[in-house]
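Below: final-v1.cif (mmCIF, C-alpha atoms (C1' of nucleotides))
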```cif
data_structure
loop_
_atom_site.group_PDB
_atom_site.id
_atom_site.type_symbol
_atom_site.label_atom_id
_atom_site.label_comp_id
_atom_site.auth_asym_id
_atom_site.auth_seq_id
_atom_site.Cartn_x
_atom_site.Cartn_y
_atom_site.Cartn_z
ATOM 1 C CA MET A 1 0.000 0.000 0.000
ATOM 2 C CA LYS A 2 1.413 3.342 -1.072
ATOM 3 C CA LEU A 3 0.013 6.133 1.110
ATOM 4 C CA ALA A 4 0.793 9.819 0.618
ATOM 5 C CA THR A 5 0.138 13.149 2.307
ATOM 6 C CA PHE A 6 -0.023 16.324 0.212
ATOM 7 C CA ASN A 7 -0.971 19.892 1.201
ATOM 8 C CA ILE A 8 -2.278 21.082 -2.174
ATOM 9 C CA ASN A 9 -3.010 24.719 -1.170
ATOM 10 C CA GLY A 10 -6.367 24.880 -2.924
ATOM 11 C CA ILE A 11 -8.055 22.204 -5.036
ATOM 12 C CA LYS A 12 -9.181 24.681 -7.699
ATOM 13 C CA ALA A 13 -5.649 25.972 -8.179
ATOM 14 C CA ARG A 14 -4.267 22.412 -8.317
ATOM 15 C CA ILE A 15 -6.882 20.872 -10.612
ATOM 16 C CA GLU A 16 -4.229 20.064 -13.223
ATOM 17 C CA ALA A 17 -1.134 19.464 -11.070
ATOM 18 C CA LEU A 18 -2.802 17.043 -8.641
ATOM 19 C CA PRO A 19 -4.158 14.590 -11.255
ATOM 20 C CA ALA A 20 -0.808 14.788 -13.054
ATOM 21 C CA TRP A 21 1.036 13.771 -9.884
ATOM 22 C CA LEU A 22 -1.500 10.982 -9.155
ATOM 23 C CA SER A 23 -0.977 9.546 -12.639
ATOM 24 C CA GLU A 24 2.788 9.604 -12.169
ATOM 25 C CA ALA A 25 3.103 8.483 -8.525
ATOM 26 C CA LYS A 26 0.113 6.100 -8.468
ATOM 27 C CA PRO A 27 -0.531 6.201 -4.709
ATOM 28 C CA ASP A 28 -3.262 3.921 -3.360
ATOM 29 C CA VAL A 29 -4.271 6.436 -0.714
ATOM 30 C CA VAL A 30 -3.727 10.206 -0.494
ATOM 31 C CA CYS A 31 -4.530 12.515 2.398
ATOM 32 C CA LEU A 32 -5.009 16.076 1.143
ATOM 33 C CA GLN A 33 -4.815 19.270 3.189
ATOM 34 C CA GLU A 34 -5.913 22.839 2.456
ATOM 35 C CA ILE A 35 -8.481 21.847 -0.150
ATOM 36 C CA LYS A 36 -9.992 25.323 0.517
ATOM 37 C CA SER A 37 -13.370 24.144 -0.709
ATOM 38 C CA VAL A 38 -16.772 23.199 0.613
ATOM 39 C CA ASP A 39 -17.643 19.528 0.093
ATOM 40 C CA GLU A 40 -20.239 20.302 -2.595
ATOM 41 C CA ALA A 41 -17.702 22.199 -4.724
ATOM 42 C CA PHE A 42 -14.917 19.579 -4.556
ATOM 43 C CA PRO A 43 -14.363 18.188 -8.089
ATOM 44 C CA ARG A 44 -14.784 14.574 -6.999
ATOM 45 C CA GLU A 45 -15.555 13.269 -10.501
ATOM 46 C CA VAL A 46 -12.019 14.088 -11.664
ATOM 47 C CA PHE A 47 -10.631 11.645 -9.104
ATOM 48 C CA GLU A 48 -13.448 9.088 -9.263
ATOM 49 C CA ASP A 49 -12.725 8.791 -12.987
ATOM 50 C CA MET A 50 -9.132 7.876 -12.007
ATOM 51 C CA GLY A 51 -10.381 5.081 -9.747
ATOM 52 C CA TYR A 52 -10.346 6.901 -6.403
ATOM 53 C CA ARG A 53 -13.009 6.936 -3.744
ATOM 54 C CA VAL A 54 -13.347 10.509 -2.449
ATOM 55 C CA GLU A 55 -14.111 11.558 1.140
ATOM 56 C CA THR A 56 -13.938 15.258 1.960
ATOM 57 C CA HIS A 57 -14.233 17.410 5.065
ATOM 58 C CA GLY A 58 -14.200 20.946 3.748
ATOM 59 C CA MET A 59 -15.268 24.487 4.582
ATOM 60 C CA LYS A 60 -15.483 27.825 2.810
ATOM 61 C CA SER A 61 -12.212 29.541 1.808
ATOM 62 C CA PHE A 62 -9.757 27.966 4.246
ATOM 63 C CA ASN A 63 -8.454 24.678 5.618
ATOM 64 C CA GLY A 64 -10.260 21.493 4.536
ATOM 65 C CA VAL A 65 -8.988 17.911 4.324
ATOM 66 C CA ALA A 66 -9.794 14.909 2.156
ATOM 67 C CA ILE A 67 -8.911 11.263 1.571
ATOM 68 C CA LEU A 68 -8.624 9.754 -1.899
ATOM 69 C CA SER A 69 -8.351 5.960 -2.007
ATOM 70 C CA LYS A 70 -8.275 3.246 -4.649
ATOM 71 C CA LEU A 71 -8.874 0.742 -1.834
ATOM 72 C CA PRO A 72 -12.176 0.379 0.039
ATOM 73 C CA LEU A 73 -12.779 2.788 2.931
ATOM 74 C CA GLU A 74 -14.755 2.025 6.081
ATOM 75 C CA ASP A 75 -15.850 4.005 9.136
ATOM 76 C CA VAL A 76 -15.135 7.491 7.799
ATOM 77 C CA ALA A 77 -15.123 10.114 10.566
ATOM 78 C CA ARG A 78 -14.807 13.882 10.299
ATOM 79 C CA GLY A 79 -13.480 16.332 12.883
ATOM 80 C CA LEU A 80 -11.016 16.087 15.768
ATOM 81 C CA PRO A 81 -12.843 15.180 19.019
ATOM 82 C CA GLY A 82 -12.537 17.278 22.135
ATOM 83 C CA ASP A 83 -14.144 20.653 21.295
ATOM 84 C CA ASP A 84 -17.661 20.802 19.847
ATOM 85 C CA SER A 85 -17.277 24.560 19.284
ATOM 86 C CA ASP A 86 -14.332 24.085 16.872
ATOM 87 C CA GLU A 87 -15.691 24.646 13.350
ATOM 88 C CA GLN A 88 -12.375 24.416 11.471
ATOM 89 C CA ALA A 89 -12.136 21.465 9.052
ATOM 90 C CA ARG A 90 -8.747 19.954 9.901
ATOM 91 C CA TRP A 91 -9.216 16.225 10.595
ATOM 92 C CA ILE A 92 -10.575 13.184 8.745
ATOM 93 C CA GLU A 93 -10.234 9.458 9.475
ATOM 94 C CA ALA A 94 -11.007 6.291 7.565
ATOM 95 C CA THR A 95 -10.033 2.630 7.658
ATOM 96 C CA VAL A 96 -8.337 1.537 4.430
ATOM 97 C CA ILE A 97 -8.912 -2.111 3.550
ATOM 98 C CA GLY A 98 -5.754 -3.483 1.932
ATOM 99 C CA THR A 99 -4.223 -6.873 2.667
ATOM 100 C CA ARG A 100 -4.356 -5.403 6.179
ATOM 101 C CA ALA A 101 -6.800 -2.854 7.566
ATOM 102 C CA VAL A 102 -5.061 0.459 8.310
ATOM 103 C CA ARG A 103 -6.701 3.343 10.168
ATOM 104 C CA VAL A 104 -5.659 6.548 8.387
ATOM 105 C CA CYS A 105 -5.946 9.980 10.009
ATOM 106 C CA GLY A 106 -5.429 12.981 7.724
ATOM 107 C CA LEU A 107 -4.726 16.217 9.580
ATOM 108 C CA TYR A 108 -4.036 19.897 9.006
ATOM 109 C CA LEU A 109 -2.563 21.179 12.251
ATOM 110 C CA PRO A 110 -3.068 24.925 12.912
ATOM 111 C CA ASN A 111 -0.244 27.249 11.821
ATOM 112 C CA GLY A 112 -0.391 29.202 15.091
ATOM 113 C CA ASN A 113 1.214 32.473 14.023
ATOM 114 C CA PRO A 114 1.532 35.032 15.406
ATOM 115 C CA ALA A 115 2.868 33.612 18.647
ATOM 116 C CA PRO A 116 2.055 34.408 21.339
ATOM 117 C CA GLY A 117 -1.634 35.112 20.773
ATOM 118 C CA PRO A 118 -5.026 33.471 20.360
ATOM 119 C CA LYS A 119 -3.986 31.606 17.206
ATOM 120 C CA TYR A 120 -1.052 30.068 19.046
ATOM 121 C CA ASP A 121 -3.294 29.151 21.976
ATOM 122 C CA TYR A 122 -5.590 27.399 19.490
ATOM 123 C CA LYS A 123 -2.634 25.498 18.019
ATOM 124 C CA LEU A 124 -1.501 24.199 21.414
ATOM 125 C CA ALA A 125 -5.054 23.298 22.459
ATOM 126 C CA TRP A 126 -5.534 21.465 19.148
ATOM 127 C CA MET A 127 -2.316 19.518 19.717
ATOM 128 C CA ALA A 128 -3.545 18.494 23.188
ATOM 129 C CA ARG A 129 -6.768 17.210 21.590
ATOM 130 C CA MET A 130 -4.723 15.339 18.996
ATOM 131 C CA GLU A 131 -2.654 13.753 21.761
ATOM 132 C CA ALA A 132 -5.858 12.402 23.309
ATOM 133 C CA ARG A 133 -7.047 11.037 19.955
ATOM 134 C CA VAL A 134 -3.662 9.362 19.344
ATOM 135 C CA ARG A 135 -3.847 7.720 22.794
ATOM 136 C CA ALA A 136 -7.295 6.358 22.016
ATOM 137 C CA LEU A 137 -6.269 4.923 18.640
ATOM 138 C CA LEU A 138 -3.012 3.460 19.974
ATOM 139 C CA ALA A 139 -5.079 1.545 22.532
ATOM 140 C CA THR A 140 -6.644 -0.426 19.643
ATOM 141 C CA GLU A 141 -3.189 -1.927 18.899
ATOM 142 C CA GLU A 142 -4.038 -1.792 15.185
ATOM 143 C CA PRO A 143 -1.963 -0.209 12.390
ATOM 144 C CA VAL A 144 -2.639 3.544 12.405
ATOM 145 C CA VAL A 145 -1.158 6.369 10.311
ATOM 146 C CA PHE A 146 -1.359 10.027 11.400
ATOM 147 C CA CYS A 147 -0.355 12.040 8.356
ATOM 148 C CA GLY A 148 -0.621 15.578 7.123
ATOM 149 C CA ASP A 149 0.660 19.117 7.427
ATOM 150 C CA TYR A 150 1.727 19.351 11.074
ATOM 151 C CA ASN A 151 3.005 22.934 10.850
ATOM 152 C CA VAL A 152 5.810 21.715 13.132
ATOM 153 C CA ILE A 153 9.550 21.744 12.381
ATOM 154 C CA PRO A 154 10.637 18.918 14.690
ATOM 155 C CA GLN A 155 14.365 19.663 14.839
ATOM 156 C CA ALA A 156 16.940 22.182 13.584
ATOM 157 C CA GLU A 157 18.053 19.754 10.866
ATOM 158 C CA ASP A 158 14.529 19.971 9.428
ATOM 159 C CA ALA A 159 15.086 23.607 8.371
ATOM 160 C CA ALA A 160 17.615 25.144 5.979
ATOM 161 C CA LYS A 161 17.818 28.231 8.209
ATOM 162 C CA PRO A 162 16.639 27.206 11.678
ATOM 163 C CA ALA A 163 17.617 30.556 13.219
ATOM 164 C CA ALA A 164 15.078 32.299 10.975
ATOM 165 C CA TRP A 165 12.300 30.228 12.596
ATOM 166 C CA ALA A 166 13.340 30.752 16.228
ATOM 167 C CA GLU A 167 10.343 32.973 17.064
ATOM 168 C CA ASP A 168 7.905 31.218 14.735
ATOM 169 C CA ALA A 169 4.949 29.122 15.899
ATOM 170 C CA LEU A 170 6.269 26.240 13.762
ATOM 171 C CA PHE A 171 9.534 25.985 15.711
ATOM 172 C CA LEU A 172 8.995 27.448 19.189
ATOM 173 C CA PRO A 173 10.185 25.158 22.001
ATOM 174 C CA GLU A 174 6.611 24.775 23.283
ATOM 175 C CA THR A 175 5.450 23.650 19.805
ATOM 176 C CA ARG A 176 8.233 21.112 19.489
ATOM 177 C CA ALA A 177 7.599 19.834 23.016
ATOM 178 C CA ALA A 178 3.906 19.300 22.210
ATOM 179 C CA PHE A 179 4.934 17.428 19.040
ATOM 180 C CA ARG A 180 7.354 15.259 21.029
ATOM 181 C CA ARG A 181 4.626 14.450 23.555
ATOM 182 C CA ILE A 182 2.584 13.019 20.686
ATOM 183 C CA VAL A 183 5.493 11.129 19.101
ATOM 184 C CA ASN A 184 6.614 9.814 22.482
ATOM 185 C CA LEU A 185 3.277 8.064 22.975
ATOM 186 C CA GLY A 186 4.904 5.469 20.738
ATOM 187 C CA LEU A 187 4.776 6.798 17.170
ATOM 188 C CA THR A 188 7.462 6.508 14.498
ATOM 189 C CA ASP A 189 8.337 9.431 12.194
ATOM 190 C CA ALA A 190 8.343 7.413 8.958
ATOM 191 C CA PHE A 191 10.756 9.708 7.136
ATOM 192 C CA ARG A 192 13.294 9.646 9.970
ATOM 193 C CA ALA A 193 13.021 5.847 10.194
ATOM 194 C CA VAL A 194 14.217 5.661 6.594
ATOM 195 C CA ASN A 195 16.497 8.722 6.271
ATOM 196 C CA GLN A 196 18.486 10.359 9.104
ATOM 197 C CA ASN A 197 20.142 13.042 6.986
ATOM 198 C CA ALA A 198 19.542 16.770 7.366
ATOM 199 C CA GLY A 199 18.432 18.895 4.447
ATOM 200 C CA HIS A 200 15.208 17.166 3.409
ATOM 201 C CA TYR A 201 12.228 19.498 3.213
ATOM 202 C CA SER A 202 8.544 19.317 2.298
ATOM 203 C CA PHE A 203 7.686 23.058 2.110
ATOM 204 C CA TRP A 204 9.277 26.038 0.403
ATOM 205 C CA ASP A 205 7.597 29.450 0.724
ATOM 206 C CA TYR A 206 6.419 31.144 -2.454
ATOM 207 C CA GLN A 207 8.230 34.291 -1.303
ATOM 208 C CA ALA A 208 11.802 35.508 -1.545
ATOM 209 C CA GLY A 209 12.976 32.751 -3.871
ATOM 210 C CA ALA A 210 12.785 30.121 -1.138
ATOM 211 C CA TRP A 211 12.603 27.247 -3.644
ATOM 212 C CA GLU A 212 15.443 28.538 -5.808
ATOM 213 C CA ARG A 213 17.608 28.887 -2.669
ATOM 214 C CA ASN A 214 16.408 25.542 -1.233
ATOM 215 C CA ASN A 215 15.314 27.485 1.828
ATOM 216 C CA GLY A 216 12.827 24.847 2.993
ATOM 217 C CA ILE A 217 11.402 23.184 6.076
ATOM 218 C CA ARG A 218 10.137 19.653 6.799
ATOM 219 C CA ILE A 219 6.633 20.036 8.252
ATOM 220 C CA ASP A 220 4.623 17.323 6.453
ATOM 221 C CA HIS A 221 4.882 14.119 8.452
ATOM 222 C CA LEU A 222 3.611 10.552 8.575
ATOM 223 C CA LEU A 223 3.624 9.230 12.144
ATOM 224 C CA LEU A 224 3.022 5.487 12.523
ATOM 225 C CA SER A 225 1.661 3.376 15.352
ATOM 226 C CA PRO A 226 3.969 0.484 16.371
ATOM 227 C CA GLN A 227 1.832 -2.051 14.493
ATOM 228 C CA CYS A 228 2.024 0.183 11.416
ATOM 229 C CA ALA A 229 5.761 0.834 11.738
ATOM 230 C CA ASP A 230 6.253 -2.939 11.518
ATOM 231 C CA LEU A 231 4.822 -2.733 7.974
ATOM 232 C CA LEU A 232 6.974 0.207 6.774
ATOM 233 C CA SER A 233 9.271 -0.475 3.825
ATOM 234 C CA ASP A 234 9.962 3.008 2.432
ATOM 235 C CA CYS A 235 9.311 6.744 2.843
ATOM 236 C CA ARG A 236 10.154 9.446 0.298
ATOM 237 C CA ILE A 237 9.579 13.130 -0.364
ATOM 238 C CA ASP A 238 8.602 13.954 -3.959
ATOM 239 C CA LYS A 239 10.755 17.094 -4.009
ATOM 240 C CA ALA A 240 10.689 17.499 -7.800
ATOM 241 C CA VAL A 241 6.964 18.324 -7.675
ATOM 242 C CA ARG A 242 7.881 21.766 -6.270
ATOM 243 C CA GLY A 243 9.659 22.630 -9.522
ATOM 244 C CA LEU A 244 6.758 21.751 -11.832
ATOM 245 C CA GLU A 245 4.165 24.079 -13.364
ATOM 246 C CA LYS A 246 1.942 25.982 -10.887
ATOM 247 C CA PRO A 247 3.069 24.045 -7.817
ATOM 248 C CA SER A 248 1.702 24.000 -4.292
ATOM 249 C CA ASP A 249 4.139 25.373 -1.719
ATOM 250 C CA HIS A 250 4.220 21.831 -0.231
ATOM 251 C CA VAL A 251 5.241 18.584 -1.950
ATOM 252 C CA PRO A 252 3.883 15.039 -1.437
ATOM 253 C CA VAL A 253 5.463 12.739 1.142
ATOM 254 C CA TRP A 254 4.663 9.040 0.884
ATOM 255 C CA ILE A 255 5.211 5.698 2.561
ATOM 256 C CA GLU A 256 5.104 2.125 1.326
ATOM 257 C CA LEU A 257 3.461 -0.339 3.717
ATOM 258 C CA ASP A 258 3.307 -4.134 3.488
ATOM 259 C CA ALA A 259 -0.448 -3.933 3.822
ATOM 260 C "C1'" DA B 1 17.191 44.688 7.186
ATOM 261 C "C1'" DT B 2 13.504 44.702 4.128
ATOM 262 C "C1'" DG B 3 10.266 42.866 1.187
ATOM 263 C "C1'" DG B 4 9.154 39.474 -1.243
ATOM 264 C "C1'" DT B 5 4.197 35.341 -3.410
ATOM 265 C "C1'" DC B 6 0.276 32.862 -3.642
ATOM 266 C "C1'" DG B 7 -5.068 31.307 -3.025
ATOM 267 C "C1'" DA B 8 -9.812 32.398 -2.214
ATOM 268 C "C1'" DC B 9 -12.803 35.900 -2.632
ATOM 269 C "C1'" DA B 10 -14.707 40.175 -3.133
ATOM 270 C "C1'" DC B 11 -11.076 43.572 -0.064
ATOM 271 C "C1'" DT B 12 -8.444 41.707 2.778
ATOM 272 C "C1'" DC B 13 -7.029 37.602 5.322
ATOM 273 C "C1'" DG B 14 -4.409 33.422 5.884
ATOM 274 C "C1'" DA B 15 -0.093 31.218 5.116
#
```

Please, can you express the file's structure as structure tokens?
Amino acid sequence: MKLATFNINGIKARIEALPAWLSEAKPDVVCLQEIKSVDEAFPREVFEDMGYRVETHGMKSFNGVAILSKLPLEDVARGLPGDDSDEQARWIEATVIGTRAVRVCGLYLPNGNPAPGPKYDYKLAWMARMEARVRALLATEEPVVFCGDYNVIPQAEDAAKPAAWAEDALFLPETRAAFRRIVNLGLTDAFRAVNQNAGHYSFWDYQAGAWERNNGIRIDHLLLSPQCADLLSDCRIDKAVRGLEKPSDHVPVWIELDA
DNA sequence: ATGGTCGACACTCGA
């Protein structure tokens, strides 16, 4: 099973680039972030015609997540538990039925800037809710993937210029500590399990020639439960996608599972 | 040090 995460920064803007990447990379499952679309406006037929089931959890203008899958999906759930007043569309779950059943959680973690402030408070509260959801799913002792745009730079080696991010919500010590609390529940960072080298990024800002200077950060992650990590055979970042026509500011990251 | 780019939408906000 090839499973990818991809922050597309708007489905309408990526209506050519996303199908092109799907045709080339042929993932079985893709978690999308920042679809920036309500469910009714998502162009599901484009992907259904390519053999994908389509499950969306969108909202007007901002955020929004989705799962595309060539494999059957069961028990689709929308929204991160823990705050009924939270109306932001940032979490979707489904069980993918391959040779093994894998619970897949697609997430778009809040950016949190400017920090400090209410947006940063929301980020930290959201991460606490995610920690609770991870605990609950780990208790099932089934293969689970938590993938998406975490808006977290885990370590200095995950940024070309870490000093530039010192005051940023993506790299503040409190952000990284909250991320570690989640990982330390027993999750495996799939990319780091396969590649321990610095200098691998998943996001390059549109501004200031960040791509041309390779001024990137690694913020798109696939975290695996122990039972899922046992199935991991590969993890790669499709860096070249950033250099194609009309790219997102993020690139796809994918894993191969024996499932 | 500063300003720089996109996407969605309707003018400015979010990233």

| Atomic separation - CA of Phe171 (chain A) relative to CA of Glu212 (chain A), Å |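 Between CA of Glu212 (chain A) and CA of Phe171 (chain A) the gap works out to 22.5 Å.
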
Kindly provide, as lines of an AutoDock Vina configuration file, the centre and edge lengths (Å, one decimal) of an axis-aligned box around all atoms of region 241-254 of chain A given in the file, with 3 Å on each side.
```
center_x = 5.7
center_y = 17.5
center_z = -6.1
size_x = 14.0
size_y = 22.9
size_z = 20.5
```

| query | Using the chain letters and numbers from the file, which residues does the PyMOL selection byres ((chain B) within 10 of (chain A)) grab, as a PyMOL selection string? | reply | chain B and resi 3-9+14-15

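Closest to Pro81 (chain A) among A:Glu93, A:Glu167, A:Asp220, A:Glu16 is A:Glu93, based on only C-alpha atoms.
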
| message | Show me, as a list in words, the residues that have an atom within 9 Å of Arg176 (chain A) when counting only C-alpha atoms (C1' of nucleotides), minus same-chain residues fewer than 6 positions from it. | response | Val152, Ile153, Pro154, Gln155 and Leu170 of chain A

| request: Determine the residue membership of the PyMOL selection byres ((chain A and resi 97-109) around 9) for the file above and supply it as a PyMOL selection string. | output: chain A and resi 1+5+7+30-34+63-67+71-74+80+89-96+110-112+123+126-127+137+142-152+228+258-259

| said: Counting all atoms listed in the file, which residue out of A:Trp254, A:Phe47, A:Phe191, A:Phe6 sits closest to Phe203 (chain A)? | reply: A:Phe6

| query | Exactly which residues make up the result of the PyMOL selection byres ((chain A and resi 135) around 12) on this file, given as a PyMOL selection string? | reply | chain A and resi 128-134+136-141+144+146+181-187+225

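If you look at CA of Pro252 (chain A) and CA of Lys239 (chain A), they are 7.6 Å away from each other.
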
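Take CA of Asp158 (chain A) and CA of Asp189 (chain A): the distance between them is 12.5 Å.
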
| Using all atoms listed in the file, which residues sit within 12 Å of Ala198 (chain A) once same-chain residues fewer than 5 positions away are excluded, as a list in words? | Pro154, Gln155, Ala156, Glu157, Asp158, Ala159, Ala160, Lys161, Pro162, Phe191, Arg192, Gly216, Ile217 and Arg218 of chain A

| request: Would you please work out which residue, of A:Glu45, A:Glu40, A:Asp83, A:Asp230, is nearest to Glu256 (chain A) when using all atoms listed in the file? | output: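 Comparing A:Glu45, A:Glu40, A:Asp83, A:Asp230 against Glu256 (chain A), the winner is A:Asp230.
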
Output region 50-68 of chain A with N, CA, C and O atoms present, as a PDB file, keeping the file's coordinate frame.
```
ATOM      1  N   MET A  50     -10.466   8.481 -12.069  1.00  0.00           N
ATOM      2  CA  MET A  50      -9.132   7.876 -12.007  1.00  0.00           C
ATOM      3  C   MET A  50      -9.123   6.654 -11.090  1.00  0.00           C
ATOM      4  O   MET A  50      -8.069   6.067 -10.842  1.00  0.00           O
ATOM      5  N   GLY A  51     -10.289   6.283 -10.559  1.00  0.00           N
ATOM      6  CA  GLY A  51     -10.381   5.081  -9.747  1.00  0.00           C
ATOM      7  C   GLY A  51     -10.320   5.312  -8.251  1.00  0.00           C
ATOM      8  O   GLY A  51     -10.176   4.362  -7.478  1.00  0.00           O
ATOM      9  N   TYR A  52     -10.435   6.592  -7.831  1.00  0.00           N
ATOM     10  CA  TYR A  52     -10.346   6.901  -6.403  1.00  0.00           C
ATOM     11  C   TYR A  52     -11.726   7.097  -5.781  1.00  0.00           C
ATOM     12  O   TYR A  52     -12.583   7.759  -6.355  1.00  0.00           O
ATOM     13  N   ARG A  53     -11.909   6.532  -4.606  1.00  0.00           N
ATOM     14  CA  ARG A  53     -13.009   6.936  -3.744  1.00  0.00           C
ATOM     15  C   ARG A  53     -12.633   8.287  -3.158  1.00  0.00           C
ATOM     16  O   ARG A  53     -11.450   8.538  -2.901  1.00  0.00           O
ATOM     17  N   VAL A  54     -13.618   9.139  -2.912  1.00  0.00           N
ATOM     18  CA  VAL A  54     -13.347  10.509  -2.449  1.00  0.00           C
ATOM     19  C   VAL A  54     -14.154  10.802  -1.191  1.00  0.00           C
ATOM     20  O   VAL A  54     -15.383  10.711  -1.206  1.00  0.00           O
ATOM     21  N   GLU A  55     -13.453  11.132  -0.106  1.00  0.00           N
ATOM     22  CA  GLU A  55     -14.111  11.558   1.140  1.00  0.00           C
ATOM     23  C   GLU A  55     -13.534  12.921   1.524  1.00  0.00           C
ATOM     24  O   GLU A  55     -12.322  13.062   1.681  1.00  0.00           O
ATOM     25  N   THR A  56     -14.411  13.906   1.654  1.00  0.00           N
ATOM     26  CA  THR A  56     -13.938  15.258   1.960  1.00  0.00           C
ATOM     27  C   THR A  56     -14.488  15.741   3.302  1.00  0.00           C
ATOM     28  O   THR A  56     -15.525  15.279   3.774  1.00  0.00           O
ATOM     29  N   HIS A  57     -13.759  16.672   3.890  1.00  0.00           N
ATOM     30  CA  HIS A  57     -14.233  17.410   5.065  1.00  0.00           C
ATOM     31  C   HIS A  57     -13.761  18.841   4.866  1.00  0.00           C
ATOM     32  O   HIS A  57     -12.670  19.218   5.268  1.00  0.00           O
ATOM     33  N   GLY A  58     -14.608  19.611   4.165  1.00  0.00           N
ATOM     34  CA  GLY A  58     -14.200  20.946   3.748  1.00  0.00           C
ATOM     35  C   GLY A  58     -14.961  22.049   4.448  1.00  0.00           C
ATOM     36  O   GLY A  58     -15.840  21.814   5.279  1.00  0.00           O
ATOM     37  N   MET A  59     -14.583  23.291   4.113  1.00  0.00           N
ATOM     38  CA  MET A  59     -15.268  24.487   4.582  1.00  0.00           C
ATOM     39  C   MET A  59     -14.959  25.604   3.589  1.00  0.00           C
ATOM     40  O   MET A  59     -14.106  25.446   2.720  1.00  0.00           O
ATOM     41  N   LYS A  60     -15.663  26.720   3.739  1.00  0.00           N
ATOM     42  CA  LYS A  60     -15.483  27.825   2.810  1.00  0.00           C
ATOM     43  C   LYS A  60     -14.112  28.486   2.990  1.00  0.00           C
ATOM     44  O   LYS A  60     -13.710  28.767   4.114  1.00  0.00           O
ATOM     45  N   SER A  61     -13.424  28.692   1.901  1.00  0.00           N
ATOM     46  CA  SER A  61     -12.212  29.541   1.808  1.00  0.00           C
ATOM     47  C   SER A  61     -10.924  28.952   2.375  1.00  0.00           C
ATOM     48  O   SER A  61      -9.870  29.081   1.754  1.00  0.00           O
ATOM     49  N   PHE A  62     -10.999  28.350   3.571  1.00  0.00           N
ATOM     50  CA  PHE A  62      -9.757  27.966   4.246  1.00  0.00           C
ATOM     51  C   PHE A  62      -9.763  26.489   4.658  1.00  0.00           C
ATOM     52  O   PHE A  62     -10.801  25.835   4.656  1.00  0.00           O
ATOM     53  N   ASN A  63      -8.581  26.013   5.019  1.00  0.00           N
ATOM     54  CA  ASN A  63      -8.454  24.678   5.618  1.00  0.00           C
ATOM     55  C   ASN A  63      -9.062  23.611   4.699  1.00  0.00           C
ATOM     56  O   ASN A  63      -9.048  23.738   3.496  1.00  0.00           O
ATOM     57  N   GLY A  64      -9.608  22.563   5.285  1.00  0.00           N
ATOM     58  CA  GLY A  64     -10.260  21.493   4.536  1.00  0.00           C
ATOM     59  C   GLY A  64      -9.310  20.352   4.250  1.00  0.00           C
ATOM     60  O   GLY A  64      -8.181  20.542   3.809  1.00  0.00           O
ATOM     61  N   VAL A  65      -9.792  19.116   4.528  1.00  0.00           N
ATOM     62  CA  VAL A  65      -8.988  17.911   4.324  1.00  0.00           C
ATOM     63  C   VAL A  65      -9.808  16.893   3.530  1.00  0.00           C
ATOM     64  O   VAL A  65     -11.031  17.006   3.444  1.00  0.00           O
ATOM     65  N   ALA A  66      -9.104  15.920   2.958  1.00  0.00           N
ATOM     66  CA  ALA A  66      -9.794  14.909   2.156  1.00  0.00           C
ATOM     67  C   ALA A  66      -8.950  13.646   2.113  1.00  0.00           C
ATOM     68  O   ALA A  66      -7.735  13.680   2.367  1.00  0.00           O
ATOM     69  N   ILE A  67      -9.613  12.524   1.814  1.00  0.00           N
ATOM     70  CA  ILE A  67      -8.911  11.263   1.571  1.00  0.00           C
ATOM     71  C   ILE A  67      -9.355  10.732   0.214  1.00  0.00           C
ATOM     72  O   ILE A  67     -10.556  10.621  -0.053  1.00  0.00           O
ATOM     73  N   LEU A  68      -8.381  10.444  -0.631  1.00  0.00           N
ATOM     74  CA  LEU A  68      -8.624   9.754  -1.899  1.00  0.00           C
ATOM     75  C   LEU A  68      -8.073   8.339  -1.746  1.00  0.00           C
ATOM     76  O   LEU A  68      -6.959   8.162  -1.251  1.00  0.00           O
TER      77      LEU A  68
END
```
